[in-house]
Amino acid sequence: MIAKVIVDVPTSNTDRVFDYDIPKEWEEVIQPGVRVVVPFGPRKIQGFVVDVTNDSTFHKTKPIDDFLDVVPVLTSELLSLGEWLADQTLCFQLSAYQLMIPAALRTKVKKELCLLAHIETLPYSIRPHFQGDKSPLWNDLVKDKNVSLKEIQQAVKEGKLEVRYQVEEKGKKKMERYVKVSENTTCDIPTRAVKQRELLAYLQSLGKPIAVQALLQETKMTRQTITTLVKKGVLQEFDKEVYRDPLAGVEYERTLPLELTDQQRDVIQPILDTLETKSHYTFLLHGVTGSGKTEVYLQSIDKALEQKREAIVLVPEISLTPQMVQRFKGRFGSKVAVLHSGLSMGEKYDEWRKILRKEVQVVVGARSAIFAPFTNLGIIIIDEEHETSYKQEENPRYHARDVAIFRGKHHQCPVILGSATPSLESYARARKNVYRLLPLTERVHNRAMPEVHVVDMREELRSGNRSMFSYILLEKLKDRIEKGEQTVLFLNRRGYSTFVMCRDCGYVASCEHCDISLTYHRTQNSLKCHYCGHEEKMPTKCDSCGSEHIRFFGSGTQKVEEELTRVLPEAKVIRMDIDTTRRKGSHERLLSAFGRGEADILLGTQMIAKGLDFPKITLVGVLAADSMLHIPDFRSAERTFQLMEQVSGRAGRHDLKGEVIIQSYTPDHYSIELVKSHDYEQFFQMEMTQRKVGLYPPYVFMVLITISHSELTNVITVSEKVVSFLRRELFESTTVLGPVASPLARIKDRYRYQCMIKYRNEPRLLEALREIRQHFIREINQGDLQISIDLQPYLFT
DNA sequence: AGCACGCCGACT
DNA sequence: GTCGGCGTGCTC
């Protein structure tokens, strides 16, 4: 039998299957989806078996060296999904498969040198490395300058040393020491050994093995007592695999399905029907904030579980908070696995194995959870469908929504895209009946949508208010503090200020490796580059003219916090941004403190815009609504509207009525204006007109090609070649823009140029893009050239 | 990715 | 003459 293997060598000329003989005795184990170790040239590497056949067209097949899994880590569905993904995103098939398994399973093959002859026969210089009983690693030897490679090679040739390849798995299963009473306890314990008798009696009454740790804690005995009993053969110790439990000790209150509103009943019916008939549809659940989308999800999942099918729920990383997890754990208890970036590598591995072993039926997770190895999927839900974090911004540049639909078709199950502010792409598809639109227009319990005031900050300035809080916002803040109600203040910018400028000559401190201004960080009193990590001390004088009049411009959360304590000294403020939530669990701690009413104001960035649901929040303030509107991105208006709606949705979700103050310098812009009436439909119409005029998605599809090199002239010549090739190859109806310098024209001392393709129908596109890569393959391999190709990009830097 | 093969310059 | 530079190409 022959195994078709995708080898672990991420290059374009090895991005295909290689054939290997399956040794007779392994024919049962080696099946598609199993990882194997294979000889590849002179070395041993890892690979994924993607297929098993009877014969090969290749004549010199070598046998598989070893296998890493007894049970496949990739299902046949995931194998074909990987193929599709590699094709669609122009990535290596290998990269697609690695995406689907937890990082803990991404093994490295290490090269070791084993001593075969007597140590005295080796040259002096390399002897010290072979003194212990551990074989030294090749890489460590090479790094050591005292060791000559020549001598090692010589020793290998003479048969004194041997090179061996060791596969090292990063993820270890966690083991715990257990004890149990031996089957036939004939040995009697002396009457005087009270402790031992007590312990044995306890274990016998327990009737099952127990973890040594737990036993010691419960009985207050000493380790010695157990060891003695084990020696006597009365007890047996053994290792048992345990799951790391990231949520250990957290109790979830069970919740029952809620009574649905008429609207909820209307939208859930088509989903239940689709489940019933085991067919595939993509639904766009467009529900205003607070309309009870989650309850629709929960009851749909319930139906899938009833059918003995499984469910995947995707949630943006940022809103994958304990509150969110609580809602799913509360309804489905131990049937739920949670996957997000906050877990350690080992914890992720454990959650993933629960899925593989069918110990859970529901997965709640961020983007990559879409690859959960379920085999009988019943429903896929993508909450906050419009979130850009569902698109991976590095290779493979996939969109979770596309993967969801692929899997939905494969399993013949519904895919639900839910949002209060759908992406224009999805809403346009829903209107064209590619997706089925399910509208939820009212909040549950007939709660009113929050009232929104837009404050013209230019006016404020004219009337002499130079602070970052408008009069009305300040007034309402005071009012809430008096009434003991809570406020959420939103600012889309962390840190202290955005950039540092000299007031005399206008010089802006910028990174020496990237074309971007540095950001001031107050705690370290330093300037940092957010792209390459470069950091320098905050200058006291202007680098350009020597003036001491250096000032900060723009304000981040840190600065607002300072300002707040100045104007409202009585207010208790909790600040939430990447800087205050970096430590594990701090996110949760800050939120629950706010939930308990330990602060009047929650001040934060993006991360507080979603999922936050506390009854006492009656005021939401947006400090600078336009901060997103002026970035040069065709989606900036869409993002502004989405964010404003999302943030407004935090107010008045319970009995108390909510109010929203939006501060803006462009209050008449439709993306801000329309938040007042919460009119998505109107916004959609306005924005679609803009997209049509500017020829942007959803009217066209886009591809962004970024070319980078350390030499500017090379970048320009390659970019020009790329553009003229594309113009020649593609339809005339297709627009090829560029080449132009990227918005970020230099990162880490590499110059960057880009070109953009806008098309409607272009069957030759993928092929043409592949040809570009192939054409410059030499420059890419041996050096410095990089060509990144992003289909349907969300990021234009 | 590695590793070998192979074709040119500067040395014991 | 050979040692070693790294460009080129292959790995079932």
# chains A, B, ... in the order shown; residues from 1 in each chain; ligands from 1
>>> select_by_dssp(residues="stretch 511-726 of chain A", states="alpha helix (DSSP H)", output="ChimeraX atom specification")
/A:557-567,578-581,586-595,636-648,670-673,680-694,712-726
>>> interface_residues(of="chain B", to="chain A", cutoff="10 Å", atoms="only C-alpha atoms (C1' of nucleotides)", output="VMD selection string")
chain B and resid 1 to 4
>>> interface_residues(of="chain C", to="chain A", cutoff="9 Å", atoms="only C-alpha atoms (C1' of nucleotides)", output="PDB file with C-alpha atoms (C1' of nucleotides), in the first residue's frame")
ATOM      1  C1'  DG C   7      24.041  29.502  -7.138  1.00  0.00           C
ATOM      2  C1'  DC C  10      16.089  17.709  -5.725  1.00  0.00           C
ATOM      3  C1'  DT C  11      13.886  15.393  -2.127  1.00  0.00           C
ATOM      4  C1'  DC C  12       8.772   9.862  -3.027  1.00  0.00           C
TER       5       DC C  12
END
>>> atom_distance(atom1="atom CA of A:Lys584", atom2="atom CA of A:Ile318")
13.8 Å
>>> residues_around(residues="stretch 3-6 of chain C", least_positions_apart="2", cutoff="12 Å", atoms="only C-alpha atoms (C1' of nucleotides)", output="tab-separated table (two decimals) with N, CA and C atoms (P, O5', C5', C4', C3', O3' and C1' of nucleotides), in the first residue's frame")
chain	number	residue	atom	x	y	z
A	782	GLN	N	16.10	33.07	-2.88
A	782	GLN	CA	17.46	33.38	-2.48
A	782	GLN	C	17.54	34.77	-1.95
B	5	DC	P	27.05	14.54	-4.04
B	5	DC	O5'	26.93	15.07	-5.53
B	5	DC	C5'	25.64	15.36	-6.11
B	5	DC	C4'	25.75	16.59	-6.99
B	5	DC	C3'	27.11	16.77	-7.68
B	5	DC	O3'	26.93	16.84	-9.08
B	5	DC	C1'	26.37	18.79	-6.71
B	6	DG	P	28.14	16.69	-10.06
B	6	DG	O5'	28.37	18.21	-10.48
B	6	DG	C5'	27.28	19.01	-10.92
B	6	DG	C4'	27.71	20.46	-11.00
B	6	DG	C3'	29.13	20.65	-11.55
B	6	DG	O3'	29.12	21.70	-12.51
B	6	DG	C1'	28.91	21.78	-9.50
B	7	DC	P	29.90	21.51	-13.86
B	7	DC	O5'	30.42	23.00	-14.17
B	7	DC	C5'	29.50	24.10	-14.19
B	7	DC	C4'	30.05	25.24	-13.37
B	7	DC	C3'	31.45	25.73	-13.82
B	7	DC	O3'	31.37	27.09	-14.19
B	7	DC	C1'	31.30	25.56	-11.47
B	8	DC	P	32.56	27.88	-14.81
B	8	DC	O5'	32.41	29.25	-13.96
B	8	DC	C5'	33.42	30.25	-14.02
B	8	DC	C4'	33.76	30.70	-12.62
B	8	DC	C3'	35.21	31.21	-12.48
B	8	DC	O3'	35.21	32.62	-12.24
B	8	DC	C1'	34.57	29.73	-10.67
B	9	DG	P	36.51	33.42	-12.43
B	9	DG	O5'	37.05	33.55	-10.94
B	9	DG	C5'	36.77	34.72	-10.14
B	9	DG	C4'	37.23	34.46	-8.71
B	9	DG	C3'	38.69	34.82	-8.45
B	9	DG	O3'	38.77	35.51	-7.21
B	9	DG	C1'	38.29	32.58	-7.82
B	10	DA	P	40.14	36.18	-6.77
B	10	DA	O5'	40.50	35.17	-5.56
B	10	DA	C5'	40.73	35.63	-4.24
B	10	DA	C4'	41.69	34.68	-3.56
B	10	DA	C3'	43.17	35.03	-3.77
B	10	DA	O3'	43.90	35.22	-2.55
B	10	DA	C1'	42.71	32.75	-4.40
B	11	DC	P	43.65	34.55	-1.20
B	11	DC	O5'	45.04	34.29	-0.46
B	11	DC	C5'	46.06	33.52	-1.00
B	11	DC	C4'	45.96	32.05	-0.58
B	11	DC	C3'	47.34	31.38	-0.64
B	11	DC	O3'	47.92	31.41	0.67
B	11	DC	C1'	45.74	30.13	-1.88
B	12	DT	P	49.48	31.12	0.88
B	12	DT	O5'	49.52	29.62	1.36
B	12	DT	C5'	48.78	29.19	2.51
B	12	DT	C4'	48.67	27.68	2.53
B	12	DT	C3'	49.97	26.96	2.91
B	12	DT	O3'	49.78	26.13	4.03
B	12	DT	C1'	49.09	26.12	0.85
C	1	DG	P	48.12	18.98	-13.14
C	1	DG	O5'	47.37	19.84	-12.08
C	1	DG	C5'	46.38	19.43	-11.16
C	1	DG	C4'	46.78	20.02	-9.81
C	1	DG	C3'	45.64	20.07	-8.80
C	1	DG	O3'	45.69	18.91	-8.00
C	1	DG	C1'	47.03	22.05	-8.79
C	8	DT	P	21.24	30.58	-10.00
C	8	DT	O5'	21.14	29.00	-9.82
C	8	DT	C5'	22.09	28.16	-10.48
C	8	DT	C4'	21.59	26.73	-10.50
C	8	DT	C3'	20.07	26.57	-10.56
C	8	DT	O3'	19.78	25.45	-11.39
C	8	DT	C1'	20.91	25.49	-8.63
>>> atom_distance(atom1="atom CA of A:Phe684", atom2="atom CA of A:Leu424")
6.9 Å
>>> residues_around(residues="A:Tyr696", least_positions_apart="3", cutoff="12 Å", atoms="only C-alpha atoms (C1' of nucleotides)", output="mmCIF file with N, CA and C atoms, in the first residue's frame")
data_model
loop_
_atom_site.group_PDB
_atom_site.id
_atom_site.type_symbol
_atom_site.label_atom_id
_atom_site.label_comp_id
_atom_site.auth_asym_id
_atom_site.auth_seq_id
_atom_site.Cartn_x
_atom_site.Cartn_y
_atom_site.Cartn_z
ATOM 1 N N LEU A 424 -21.424 44.915 4.672
ATOM 2 C CA LEU A 424 -22.146 45.232 3.441
ATOM 3 C C LEU A 424 -22.180 44.034 2.510
ATOM 4 N N GLU A 425 -21.077 43.291 2.490
ATOM 5 C CA GLU A 425 -21.004 42.110 1.630
ATOM 6 C C GLU A 425 -22.123 41.122 1.964
ATOM 7 N N ASP A 633 -9.461 54.096 4.078
ATOM 8 C CA ASP A 633 -9.895 52.723 3.857
ATOM 9 C C ASP A 633 -11.347 52.814 3.408
ATOM 10 N N PHE A 634 -11.691 52.118 2.338
ATOM 11 C CA PHE A 634 -13.058 52.280 1.830
ATOM 12 C C PHE A 634 -14.111 51.787 2.820
ATOM 13 N N ARG A 635 -13.685 51.028 3.827
ATOM 14 C CA ARG A 635 -14.653 50.554 4.811
ATOM 15 C C ARG A 635 -14.742 51.451 6.046
ATOM 16 N N GLU A 687 -24.279 53.834 1.893
ATOM 17 C CA GLU A 687 -22.929 53.298 1.743
ATOM 18 C C GLU A 687 -22.777 52.548 0.413
ATOM 19 N N MET A 688 -23.848 51.844 0.031
ATOM 20 C CA MET A 688 -23.793 51.114 -1.245
ATOM 21 C C MET A 688 -23.588 52.090 -2.402
ATOM 22 N N THR A 689 -24.210 53.256 -2.316
ATOM 23 C CA THR A 689 -24.024 54.254 -3.361
ATOM 24 C C THR A 689 -22.549 54.651 -3.458
ATOM 25 N N GLN A 690 -21.958 54.879 -2.286
ATOM 26 C CA GLN A 690 -20.535 55.221 -2.252
ATOM 27 C C GLN A 690 -19.680 54.121 -2.872
ATOM 28 N N ARG A 691 -20.017 52.891 -2.534
ATOM 29 C CA ARG A 691 -19.207 51.765 -3.027
ATOM 30 C C ARG A 691 -19.331 51.637 -4.542
ATOM 31 N N LYS A 692 -20.534 51.940 -5.011
ATOM 32 C CA LYS A 692 -20.756 51.823 -6.447
ATOM 33 C C LYS A 692 -19.930 52.874 -7.187
ATOM 34 N N VAL A 693 -19.943 54.094 -6.655
ATOM 35 C CA VAL A 693 -19.189 55.185 -7.267
ATOM 36 C C VAL A 693 -17.694 54.881 -7.241
ATOM 37 N N TYR A 699 -19.525 45.597 -4.831
ATOM 38 C CA TYR A 699 -19.716 45.647 -6.283
ATOM 39 C C TYR A 699 -18.609 44.916 -7.046
ATOM 40 N N VAL A 700 -17.424 44.910 -6.452
ATOM 41 C CA VAL A 700 -16.327 44.176 -7.081
ATOM 42 C C VAL A 700 -15.642 43.302 -6.038
ATOM 43 N N PHE A 701 -14.850 42.370 -6.500
ATOM 44 C CA PHE A 701 -13.941 41.639 -5.613
ATOM 45 C C PHE A 701 -12.586 42.321 -5.700
ATOM 46 N N MET A 702 -11.785 42.129 -4.660
ATOM 47 C CA MET A 702 -10.487 42.789 -4.657
ATOM 48 C C MET A 702 -9.352 41.830 -4.341
ATOM 49 N N VAL A 703 -8.179 42.148 -4.866
ATOM 50 C CA VAL A 703 -6.963 41.441 -4.476
ATOM 51 C C VAL A 703 -5.903 42.505 -4.198
ATOM 52 N N THR A 735 -9.968 46.031 -13.290
ATOM 53 C CA THR A 735 -9.098 47.183 -13.050
ATOM 54 C C THR A 735 -7.855 46.740 -12.286
ATOM 55 N N MET A 756 -3.425 46.814 -6.729
ATOM 56 C CA MET A 756 -4.760 46.366 -6.361
ATOM 57 C C MET A 756 -5.500 45.879 -7.606
ATOM 58 N N ILE A 757 -6.211 44.789 -7.479
ATOM 59 C CA ILE A 757 -7.025 44.293 -8.588
ATOM 60 C C ILE A 757 -8.483 44.381 -8.170
ATOM 61 N N LYS A 758 -9.300 44.940 -9.047
ATOM 62 C CA LYS A 758 -10.745 44.962 -8.796
ATOM 63 C C LYS A 758 -11.420 44.246 -9.950
ATOM 64 N N TYR A 759 -12.209 43.240 -9.636
ATOM 65 C CA TYR A 759 -12.813 42.455 -10.712
ATOM 66 C C TYR A 759 -14.192 41.959 -10.312
ATOM 67 N N ARG A 760 -14.953 41.587 -11.325
ATOM 68 C CA ARG A 760 -16.252 40.974 -11.064
ATOM 69 C C ARG A 760 -16.223 39.494 -11.401
ATOM 70 N N GLN A 792 -9.560 39.350 -1.187
ATOM 71 C CA GLN A 792 -10.569 40.005 -0.343
ATOM 72 C C GLN A 792 -9.917 40.555 0.927
ATOM 73 N N PRO A 793 -9.013 41.517 0.770
ATOM 74 C CA PRO A 793 -8.285 42.043 1.933
ATOM 75 C C PRO A 793 -9.164 42.908 2.844
#
>>> residues_around(residues="A:Tyr680", least_positions_apart="4", cutoff="10 Å", atoms="only C-alpha atoms (C1' of nucleotides)", output="PyMOL selection string")
chain A and resi 286+288+420-422+641-642+645+671+674-675+684-686
>>> atom_distance(atom1="atom CA of A:Lys293", atom2="atom CA of A:Ser419")
8.3 Å
